[in-house]
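**Q** The file below is run36.pdb, PDB, C-alpha atoms, pLDDT in the B column:
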MODEL        1
ATOM      1  CA  MET H 518       8.774  23.239  22.946  1.00 63.00           C
ATOM      2  CA  ALA H 519       9.553  21.656  19.589  1.00 73.00           C
ATOM      3  CA  THR H 520       8.837  23.861  16.593  1.00 89.00           C
ATOM      4  CA  ILE H 521       7.303  22.808  13.279  1.00 89.00           C
ATOM      5  CA  GLN H 522      10.801  22.734  11.841  1.00 92.00           C
ATOM      6  CA  ASP H 523      12.179  20.569  14.670  1.00 93.00           C
ATOM      7  CA  LYS H 524       9.370  18.037  14.387  1.00 93.00           C
ATOM      8  CA  THR H 525       9.537  17.955  10.592  1.00 95.00           C
ATOM      9  CA  LYS H 526      13.279  17.521  10.608  1.00 95.00           C
ATOM     10  CA  ALA H 527      13.074  14.672  13.137  1.00 95.00           C
ATOM     11  CA  LEU H 528      10.416  12.950  11.106  1.00 95.00           C
ATOM     12  CA  ILE H 529      12.350  13.252   7.829  1.00 96.00           C
ATOM     13  CA  ALA H 530      15.512  12.005   9.537  1.00 96.00           C
ATOM     14  CA  SER H 531      13.718   8.999  10.930  1.00 94.00           C
ATOM     15  CA  LYS H 532      12.008   8.129   7.657  1.00 94.00           C
ATOM     16  CA  LEU H 533      14.994   8.630   5.362  1.00 96.00           C
ATOM     17  CA  LYS H 534      17.580   7.335   7.845  1.00 95.00           C
ATOM     18  CA  VAL H 535      19.704  10.465   7.585  1.00 96.00           C
ATOM     19  CA  SER H 536      21.183  12.616  10.318  1.00 96.00           C
ATOM     20  CA  GLU H 537      19.193  15.689  11.351  1.00 94.00           C
ATOM     21  CA  SER H 538      22.290  17.802  10.694  1.00 94.00           C
ATOM     22  CA  GLU H 539      22.029  16.917   6.997  1.00 95.00           C
ATOM     23  CA  ILE H 540      18.481  18.251   6.792  1.00 96.00           C
ATOM     24  CA  THR H 541      18.890  21.905   5.938  1.00 95.00           C
ATOM     25  CA  PRO H 542      16.174  24.096   4.345  1.00 95.00           C
ATOM     26  CA  GLU H 543      17.662  24.240   0.872  1.00 96.00           C
ATOM     27  CA  LYS H 544      18.075  20.455   0.552  1.00 97.00           C
ATOM     28  CA  ASN H 545      16.022  18.787  -2.142  1.00 97.00           C
ATOM     29  CA  LEU H 546      14.128  15.892  -0.546  1.00 97.00           C
ATOM     30  CA  PHE H 547      14.616  13.685  -3.590  1.00 96.00           C
ATOM     31  CA  ASN H 548      17.957  14.587  -5.127  1.00 96.00           C
ATOM     32  CA  ASP H 549      19.847  15.514  -1.954  1.00 96.00           C
ATOM     33  CA  LEU H 550      18.213  13.420   0.760  1.00 97.00           C
ATOM     34  CA  GLY H 551      17.377  10.369  -1.355  1.00 95.00           C
ATOM     35  CA  ALA H 552      13.608  10.216  -0.894  1.00 95.00           C
ATOM     36  CA  ASP H 553      11.623   8.238  -3.461  1.00 92.00           C
ATOM     37  CA  SER H 554       7.961   8.802  -4.257  1.00 90.00           C
ATOM     38  CA  LEU H 555       6.767   6.325  -1.608  1.00 90.00           C
ATOM     39  CA  ASP H 556       9.029   7.891   1.041  1.00 93.00           C
ATOM     40  CA  PHE H 557       7.531  11.266   0.230  1.00 94.00           C
ATOM     41  CA  VAL H 558       3.955   9.973   0.433  1.00 92.00           C
ATOM     42  CA  GLU H 559       4.766   8.377   3.804  1.00 92.00           C
ATOM     43  CA  ILE H 560       6.369  11.607   5.051  1.00 95.00           C
ATOM     44  CA  SER H 561       3.247  13.535   3.962  1.00 94.00           C
ATOM     45  CA  MET H 562       1.031  11.032   5.773  1.00 92.00           C
ATOM     46  CA  MET H 563       3.120  11.243   8.962  1.00 93.00           C
ATOM     47  CA  LEU H 564       3.136  15.060   8.866  1.00 94.00           C
ATOM     48  CA  GLU H 565      -0.624  15.183   8.364  1.00 93.00           C
ATOM     49  CA  ARG H 566      -1.061  13.008  11.451  1.00 92.00           C
ATOM     50  CA  GLU H 567       1.515  14.888  13.505  1.00 92.00           C
ATOM     51  CA  PHE H 568       0.037  18.318  12.760  1.00 92.00           C
ATOM     52  CA  ASN H 569      -3.582  17.256  12.246  1.00 92.00           C
ATOM     53  CA  VAL H 570      -3.796  18.785   8.771  1.00 92.00           C
ATOM     54  CA  LYS H 571      -4.850  17.485   5.350  1.00 92.00           C
ATOM     55  CA  PHE H 572      -2.724  18.519   2.389  1.00 92.00           C
ATOM     56  CA  THR H 573      -4.145  18.889  -1.100  1.00 92.00           C
ATOM     57  CA  GLU H 574      -2.599  17.045  -4.040  1.00 90.00           C
ATOM     58  CA  ALA H 575      -1.527  20.360  -5.577  1.00 91.00           C
ATOM     59  CA  ASP H 576       0.266  21.441  -2.391  1.00 91.00           C
ATOM     60  CA  THR H 577       2.319  18.295  -2.043  1.00 91.00           C
ATOM     61  CA  ALA H 578       3.048  18.138  -5.780  1.00 91.00           C
ATOM     62  CA  ALA H 579       4.804  21.509  -5.452  1.00 92.00           C
ATOM     63  CA  VAL H 580       7.108  20.397  -2.616  1.00 95.00           C
ATOM     64  CA  LYS H 581      10.704  19.841  -3.605  1.00 96.00           C
ATOM     65  CA  THR H 582      12.852  21.105  -0.707  1.00 97.00           C
ATOM     66  CA  VAL H 583      12.786  20.859   3.064  1.00 96.00           C
ATOM     67  CA  GLU H 584      11.938  24.562   3.166  1.00 95.00           C
ATOM     68  CA  ASP H 585       8.910  23.948   0.915  1.00 95.00           C
ATOM     69  CA  LEU H 586       7.636  21.522   3.524  1.00 95.00           C
ATOM     70  CA  TYR H 587       8.221  24.016   6.354  1.00 94.00           C
ATOM     71  CA  HIS H 588       6.277  26.700   4.463  1.00 93.00           C
ATOM     72  CA  LEU H 589       3.469  24.316   3.638  1.00 93.00           C
ATOM     73  CA  LEU H 590       3.081  23.281   7.265  1.00 93.00           C
ATOM     74  CA  GLU H 591       3.292  26.850   8.518  1.00 91.00           C
ATOM     75  CA  ASN H 592       0.508  27.860   6.125  1.00 89.00           C
ATOM     76  CA  TYR H 593      -1.702  24.961   7.171  1.00 87.00           C
ATOM     77  CA  THR H 594      -1.168  25.384  10.897  1.00 84.00           C
ATOM     78  CA  LYS H 595      -1.875  29.139  10.657  1.00 81.00           C
ATOM     79  CA  LYS H 596      -5.317  28.309   9.270  1.00 74.00           C
ATOM     80  CA  GLN H 597      -6.158  26.152  12.317  1.00 70.00           C
TER
ATOM     81  CA  MET I 514     -18.132  -8.933  -7.820  1.00 94.00           C
ATOM     82  CA  ASN I 515     -17.263 -12.317  -9.297  1.00 96.00           C
ATOM     83  CA  ARG I 516     -14.101 -13.424 -11.074  1.00 95.00           C
ATOM     84  CA  ASP I 517     -15.235 -12.219 -14.495  1.00 95.00           C
ATOM     85  CA  GLU I 518     -16.205  -8.823 -13.099  1.00 94.00           C
ATOM     86  CA  ILE I 519     -12.913  -8.604 -11.203  1.00 94.00           C
ATOM     87  CA  LYS I 520     -11.081  -9.059 -14.532  1.00 93.00           C
ATOM     88  CA  GLN I 521     -12.627  -5.827 -15.755  1.00 92.00           C
ATOM     89  CA  TYR I 522     -10.547  -4.007 -13.144  1.00 91.00           C
ATOM     90  CA  LEU I 523      -7.510  -6.110 -12.169  1.00 91.00           C
ATOM     91  CA  PRO I 524      -4.920  -6.650 -14.905  1.00 91.00           C
ATOM     92  CA  HIS I 525      -3.944 -10.048 -13.415  1.00 92.00           C
ATOM     93  CA  ARG I 526      -4.854 -13.240 -15.239  1.00 94.00           C
ATOM     94  CA  GLU I 527      -4.565 -16.975 -14.601  1.00 93.00           C
ATOM     95  CA  PRO I 528      -2.628 -18.442 -12.993  1.00 95.00           C
ATOM     96  CA  MET I 529      -1.906 -15.233 -11.055  1.00 95.00           C
ATOM     97  CA  LEU I 530      -5.434 -13.936 -10.595  1.00 96.00           C
ATOM     98  CA  LEU I 531      -5.901 -14.778  -6.931  1.00 97.00           C
ATOM     99  CA  VAL I 532      -9.291 -13.307  -6.028  1.00 97.00           C
ATOM    100  CA  ASP I 533     -12.531 -15.234  -6.677  1.00 97.00           C
ATOM    101  CA  GLU I 534     -14.983 -12.680  -5.315  1.00 97.00           C
ATOM    102  CA  MET I 535     -15.000  -9.263  -3.692  1.00 96.00           C
ATOM    103  CA  THR I 536     -17.501  -6.972  -2.045  1.00 96.00           C
ATOM    104  CA  LEU I 537     -16.964  -3.415  -0.913  1.00 94.00           C
ATOM    105  CA  ASP I 538     -18.874  -2.402   2.204  1.00 94.00           C
ATOM    106  CA  GLU I 539     -20.312   0.993   3.144  1.00 94.00           C
ATOM    107  CA  ASN I 540     -17.123   1.862   5.059  1.00 93.00           C
ATOM    108  CA  HIS I 541     -15.077   1.271   1.892  1.00 93.00           C
ATOM    109  CA  VAL I 542     -13.537  -1.922   3.275  1.00 96.00           C
ATOM    110  CA  ALA I 543     -12.915  -4.647   0.684  1.00 96.00           C
ATOM    111  CA  HIS I 544     -13.889  -8.205   1.618  1.00 97.00           C
ATOM    112  CA  SER I 545     -12.543 -10.796  -0.771  1.00 97.00           C
ATOM    113  CA  LYS I 546     -12.250 -14.566  -1.010  1.00 98.00           C
ATOM    114  CA  TYR I 547      -9.998 -17.028  -2.768  1.00 98.00           C
ATOM    115  CA  HIS I 548     -10.457 -20.795  -2.599  1.00 98.00           C
ATOM    116  CA  VAL I 549      -7.250 -22.833  -2.621  1.00 98.00           C
ATOM    117  CA  THR I 550      -8.103 -25.809  -4.836  1.00 97.00           C
ATOM    118  CA  GLY I 551      -4.813 -27.650  -4.419  1.00 96.00           C
ATOM    119  CA  GLU I 552      -4.138 -27.516  -8.172  1.00 95.00           C
ATOM    120  CA  GLU I 553      -2.264 -24.185  -8.068  1.00 96.00           C
ATOM    121  CA  PHE I 554       1.217 -24.039  -9.609  1.00 96.00           C
ATOM    122  CA  PHE I 555       2.761 -22.639  -6.441  1.00 96.00           C
ATOM    123  CA  LEU I 556       1.855 -25.753  -4.448  1.00 96.00           C
ATOM    124  CA  GLN I 557       3.708 -28.122  -6.749  1.00 93.00           C
ATOM    125  CA  GLY I 558       7.040 -27.778  -5.022  1.00 93.00           C
ATOM    126  CA  HIS I 559       5.992 -26.070  -1.811  1.00 95.00           C
ATOM    127  CA  PHE I 560       6.273 -28.653  -0.363  1.00 95.00           C
ATOM    128  CA  PRO I 561       6.179 -32.139  -1.942  1.00 93.00           C
ATOM    129  CA  GLY I 562       3.802 -34.218   0.178  1.00 94.00           C
ATOM    130  CA  GLU I 563       2.963 -31.242   2.416  1.00 95.00           C
ATOM    131  CA  PRO I 564       1.420 -28.464   0.296  1.00 97.00           C
ATOM    132  CA  VAL I 565       1.377 -25.049   1.972  1.00 98.00           C
ATOM    133  CA  VAL I 566       0.579 -21.757   0.206  1.00 98.00           C
ATOM    134  CA  PRO I 567       3.833 -19.730   0.114  1.00 98.00           C
ATOM    135  CA  GLY I 568       3.891 -16.545   2.161  1.00 97.00           C
ATOM    136  CA  VAL I 569       4.658 -14.440  -0.902  1.00 96.00           C
ATOM    137  CA  ILE I 570       1.504 -15.758  -2.562  1.00 97.00           C
ATOM    138  CA  LEU I 571      -0.529 -14.848   0.519  1.00 98.00           C
ATOM    139  CA  CYS I 572       0.919 -11.338   0.230  1.00 97.00           C
ATOM    140  CA  GLU I 573      -0.095 -11.293  -3.437  1.00 96.00           C
ATOM    141  CA  ILE I 574      -3.649 -12.356  -2.540  1.00 97.00           C
ATOM    142  CA  MET I 575      -3.780  -9.467  -0.066  1.00 97.00           C
ATOM    143  CA  ALA I 576      -2.301  -7.094  -2.655  1.00 96.00           C
ATOM    144  CA  GLN I 577      -4.915  -7.958  -5.284  1.00 96.00           C
ATOM    145  CA  SER I 578      -7.675  -7.490  -2.714  1.00 96.00           C
ATOM    146  CA  CYS I 579      -6.201  -4.094  -1.797  1.00 96.00           C
ATOM    147  CA  ALA I 580      -5.971  -3.082  -5.457  1.00 94.00           C
ATOM    148  CA  LEU I 581      -9.710  -3.674  -5.815  1.00 94.00           C
ATOM    149  CA  LEU I 582     -10.274  -0.951  -3.220  1.00 93.00           C
ATOM    150  CA  MET I 583      -9.328   1.572  -5.904  1.00 91.00           C
ATOM    151  CA  LYS I 584     -10.981  -0.340  -8.722  1.00 89.00           C
ATOM    152  CA  ASP I 585     -12.152   2.735 -10.576  1.00 88.00           C
ATOM    153  CA  ASP I 586      -8.583   4.065 -10.698  1.00 91.00           C
ATOM    154  CA  LEU I 587      -7.313   0.750 -12.119  1.00 90.00           C
ATOM    155  CA  ILE I 588      -8.765   1.183 -15.594  1.00 88.00           C
ATOM    156  CA  GLY I 589      -5.865   1.479 -18.051  1.00 89.00           C
ATOM    157  CA  LYS I 590      -3.291   0.981 -15.286  1.00 91.00           C
ATOM    158  CA  LEU I 591      -0.980  -1.731 -14.028  1.00 92.00           C
ATOM    159  CA  THR I 592      -0.380  -2.176 -10.302  1.00 92.00           C
ATOM    160  CA  PHE I 593       3.157  -2.337  -8.941  1.00 93.00           C
ATOM    161  CA  TYR I 594       4.202  -3.003  -5.369  1.00 91.00           C
ATOM    162  CA  THR I 595       6.147  -0.118  -3.841  1.00 92.00           C
ATOM    163  CA  GLY I 596       6.423  -1.594  -0.365  1.00 93.00           C
ATOM    164  CA  ILE I 597       5.424  -4.346   2.052  1.00 95.00           C
ATOM    165  CA  ASP I 598       5.637  -3.426   5.725  1.00 94.00           C
ATOM    166  CA  LYS I 599       4.874  -4.970   9.095  1.00 95.00           C
ATOM    167  CA  VAL I 600       3.917  -8.323   7.572  1.00 97.00           C
ATOM    168  CA  ARG I 601       3.398 -11.099  10.095  1.00 97.00           C
ATOM    169  CA  PHE I 602       2.561 -14.709   9.286  1.00 97.00           C
ATOM    170  CA  LYS I 603       0.503 -16.352  12.031  1.00 96.00           C
ATOM    171  CA  ASN I 604      -0.916 -19.523  10.511  1.00 97.00           C
ATOM    172  CA  SER I 605      -0.393 -21.492   7.320  1.00 97.00           C
ATOM    173  CA  VAL I 606      -2.883 -21.889   4.457  1.00 98.00           C
ATOM    174  CA  LYS I 607      -3.445 -25.275   2.837  1.00 97.00           C
ATOM    175  CA  PRO I 608      -5.400 -26.836  -0.040  1.00 97.00           C
ATOM    176  CA  GLY I 609      -9.143 -26.746   0.598  1.00 97.00           C
ATOM    177  CA  ASP I 610      -8.936 -23.539   2.627  1.00 98.00           C
ATOM    178  CA  THR I 611     -10.973 -20.525   1.598  1.00 98.00           C
ATOM    179  CA  VAL I 612      -8.935 -17.440   2.262  1.00 98.00           C
ATOM    180  CA  GLU I 613     -10.756 -14.260   3.285  1.00 98.00           C
ATOM    181  CA  VAL I 614      -9.114 -10.856   3.072  1.00 98.00           C
ATOM    182  CA  GLU I 615     -10.238  -7.609   4.668  1.00 98.00           C
ATOM    183  CA  ALA I 616      -8.465  -4.635   3.088  1.00 97.00           C
ATOM    184  CA  THR I 617      -8.585  -0.939   3.951  1.00 97.00           C
ATOM    185  CA  LEU I 618      -7.116   2.064   2.169  1.00 95.00           C
ATOM    186  CA  THR I 619      -4.983   3.925   4.705  1.00 94.00           C
ATOM    187  CA  TYR I 620      -3.639   6.753   2.561  1.00 92.00           C
ATOM    188  CA  HIS I 621      -3.588   7.893  -1.026  1.00 91.00           C
ATOM    189  CA  ARG I 622      -1.454  10.583  -2.629  1.00 89.00           C
ATOM    190  CA  ALA I 623      -0.984  11.008  -6.389  1.00 87.00           C
ATOM    191  CA  ASN I 624      -0.543   7.499  -7.846  1.00 90.00           C
ATOM    192  CA  ILE I 625       0.651   5.930  -4.570  1.00 93.00           C
ATOM    193  CA  TYR I 626      -1.780   3.954  -2.389  1.00 94.00           C
ATOM    194  CA  ILE I 627      -1.064   2.574   1.106  1.00 95.00           C
ATOM    195  CA  CYS I 628      -3.361  -0.158   2.430  1.00 96.00           C
ATOM    196  CA  SER I 629      -3.634  -2.452   5.408  1.00 97.00           C
ATOM    197  CA  ALA I 630      -4.879  -6.014   5.050  1.00 98.00           C
ATOM    198  CA  VAL I 631      -5.700  -9.041   7.169  1.00 98.00           C
ATOM    199  CA  LEU I 632      -5.943 -12.513   5.636  1.00 98.00           C
ATOM    200  CA  SER I 633      -7.759 -15.250   7.538  1.00 98.00           C
ATOM    201  CA  VAL I 634      -9.189 -18.736   7.133  1.00 98.00           C
ATOM    202  CA  ASP I 635     -12.340 -19.689   9.063  1.00 97.00           C
ATOM    203  CA  GLY I 636     -11.966 -16.547  11.162  1.00 96.00           C
ATOM    204  CA  LYS I 637      -8.396 -17.374  12.174  1.00 97.00           C
ATOM    205  CA  MET I 638      -5.833 -14.740  11.202  1.00 98.00           C
ATOM    206  CA  CYS I 639      -3.063 -16.101   8.970  1.00 98.00           C
ATOM    207  CA  VAL I 640      -1.330 -12.931   7.733  1.00 98.00           C
ATOM    208  CA  LYS I 641      -1.537  -9.198   8.321  1.00 98.00           C
ATOM    209  CA  GLY I 642       0.444  -6.339   6.887  1.00 97.00           C
ATOM    210  CA  GLU I 643       0.668  -2.951   5.236  1.00 96.00           C
ATOM    211  CA  LEU I 644       1.077  -2.891   1.468  1.00 96.00           C
ATOM    212  CA  SER I 645       1.725  -0.002  -0.837  1.00 95.00           C
ATOM    213  CA  PHE I 646       1.347   0.322  -4.591  1.00 93.00           C
ATOM    214  CA  ALA I 647       1.890   2.594  -7.507  1.00 93.00           C
ATOM    215  CA  LEU I 648      -0.539   2.651 -10.403  1.00 92.00           C
ATOM    216  CA  LEU I 649       1.289   3.168 -13.685  1.00 92.00           C
ATOM    217  CA  PRO I 650      -0.114   3.455 -17.194  1.00 91.00           C
ATOM    218  CA  ASP I 651      -0.750   0.152 -18.938  1.00 89.00           C
ATOM    219  CA  THR I 652       1.215   0.572 -22.154  1.00 88.00           C
ATOM    220  CA  ARG I 653       0.595  -2.938 -23.491  1.00 84.00           C
ATOM    221  CA  THR I 654      -0.843  -3.164 -26.957  1.00 59.00           C
ATOM    222  CA  LYS I 655      -4.418  -4.430 -26.791  1.00 55.00           C
TER
ENDMDL
END
Any chance you could put this one into structure tokens?

**A**
Amino acid sequence: MATIQDKTKALIASKLKVSESEITPEKNLFNDLGADSLDFVEISMMLEREFNVKFTEADTAAVKTVEDLYHLLENYTKKQ
Amino acid sequence: MNRDEIKQYLPHREPMLLVDEMTLDENHVAHSKYHVTGEEFFLQGHFPGEPVVPGVILCEIMAQSCALLMKDDLIGKLTFYTGIDKVRFKNSVKPGDTVEVEATLTYHRANIYICSAVLSVDGKMCVKGELSFALLPDTRTK
């Protein structure tokens, strides 16, 4: 069964056209993986749909790294 | 909302203001119209003797209709395209046609807005697509 991290990594890889092996927790989505603001909004939208959650503006504004996204999703899915 | 009212929200002006009227329904779907008079600058060379509204202009008509979905956020801002996705052109638009656009906000995060739009003439779909925008501060001197 795919974990939150597996699904998130696959989604980021598909959106940013990078290999999943490049997507490690400490990587900055913008500086290291090349996301721009629209990419990030689209990733947020896809994650919300995938995990059936709704992020707040403050939560997504604080996301910088892949690990930040993992933590955010883990917190949201725990609440479900 | 008529053309003068639209100007209170959209920063576009002639000859690039491409929405004549707009209504917003209870489901927050924008319905807008633009009548192609045949006098528009973009028809002059596209094509001589066979005027057809360019596809990029049809995208712009859809974009302006989408922007009116977030009209209250437009005050003091300029709208910039950030992306155009899944655009398909099905039928051409010619002088005398009244274009109708149905636009829906799909997603909004910070200053980025993602919308879907369908443009038709007499109920026949001409273009559909997903458009995204950023709203940035309007720094022009008044």

**Q** Identify all residues satisfying the ChimeraX specification (/I :<12) & /H in the given file; provide them as a list in words.

**A**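 Selected by the ChimeraX specification (/I :<12) & /H here: Asp553, Ser554, Leu555, Asp556, Phe557, Val558, Glu559, Ile560, Ser561, Met562, Met563, Glu565, Arg566, Lys571, Phe572, Thr573, Glu574, Ala575, Asp576, Thr577 and Ala578 of chain H.
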
**Q** I'd like the interatomic distance between CA of Leu537 in chain I and CA of Ala580 in chain I, to a tenth of an Å.

**A**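 So the two atoms, CA of Leu537 in chain I and CA of Ala580 in chain I, lie 11.9 Å apart.
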
**Q** So, counting only C-alpha atoms, which residue among I:Glu534, I:Glu573, I:Asp635, I:Glu563 is closest to Lys546 in chain I?

**A**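 Under the stated criterion, the closest residue is I:Glu534.
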
**Q** I need the residue set behind the PyMOL selection byres ((chain H and resi 542) around 6) for this file; please write it as an mmCIF file with C-alpha atoms, in the coordinates of the input.

**A**
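Written out: selection_14.cif:
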data_model
loop_
_atom_site.group_PDB
_atom_site.id
_atom_site.type_symbol
_atom_site.label_atom_id
_atom_site.label_comp_id
_atom_site.auth_asym_id
_atom_site.auth_seq_id
_atom_site.Cartn_x
_atom_site.Cartn_y
_atom_site.Cartn_z
ATOM 1 C CA THR H 541 18.890 21.905 5.938
ATOM 2 C CA GLU H 543 17.662 24.240 0.872
ATOM 3 C CA LYS H 544 18.075 20.455 0.552
ATOM 4 C CA VAL H 583 12.786 20.859 3.064
ATOM 5 C CA GLU H 584 11.938 24.562 3.166
#

**Q** Using the chain letters and numbers from the file, which residues does the PyMOL selection byres ((chain H and resi 539) around 10) grab, as a VMD selection string?

**A** chain H and resid 526 530 535 to 538 540 to 542 544 549 to 550

**Q** Give me the residues near Lys596 in chain H as a PyMOL selection string, where near means some atom within 12 Å (using all atoms listed in the file) and where sequence neighbours in that chain fewer than 3 positions away do not count.

**A** chain H and resi 568-571+589-593

**Q** Build an axis-aligned box that encloses every atom of range 636-643 of chain I listed in the file, pad it by 5 Å on each side, and report its centre and edge lengths in Å to one decimal, as AutoDock Vina command-line options.

**A**
--center_x -5.6 --center_y -10.2 --center_z 8.7 --size_x 22.6 --size_y 24.4 --size_z 16.9

**Q** For Ile588 in chain I, which residue among I:Phe560, I:Tyr522, I:Phe555, I:Phe602 is the nearest when counting all atoms listed in the file?

**A**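 Of I:Phe560, I:Tyr522, I:Phe555, I:Phe602, the one nearest Ile588 in chain I, counting all atoms listed in the file, is I:Tyr522.
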
**Q** Would you list the contacts of Leu530 in chain I as a ChimeraX atom specification, taking every protein, DNA or RNA residue within 10 Å and counting only C-alpha atoms, but skipping same-chain residues closer than 4 positions in sequence?

**A** /I:516,519-520,523-526,547,573-574,577

**Q** Taking only C-alpha atoms into account, which of H:Asn545, H:Asp585, H:Glu567, H:Gln597 comes nearest Lys524 in chain H?

**A**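 Among the listed residues, H:Glu567 lies closest to Lys524 in chain H.
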
**Q** Which of these, H:Leu546, H:Ile529, H:Ala552, H:Ala519, has the shortest distance to Val580 in chain H once you count all atoms listed in the file?

**A** H:Leu546

**Q** Using Å and a single decimal, report how far CA of Cys639 in chain I sits from CA of His548 in chain I.

**A** 14.5 Å

**Q** Which distance in Å separates CA of Glu552 in chain I and CA of Gly609 in chain I, to one decimal?

**A**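 Computing it gives 10.1 Å between the two atoms.
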
**Q** So, counting only C-alpha atoms, which residue among I:Asn604, I:Gln557, I:Thr592, I:Thr611 is closest to Leu644 in chain I?

**A**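 Result for the nearest residue to Leu644 in chain I: I:Thr592.
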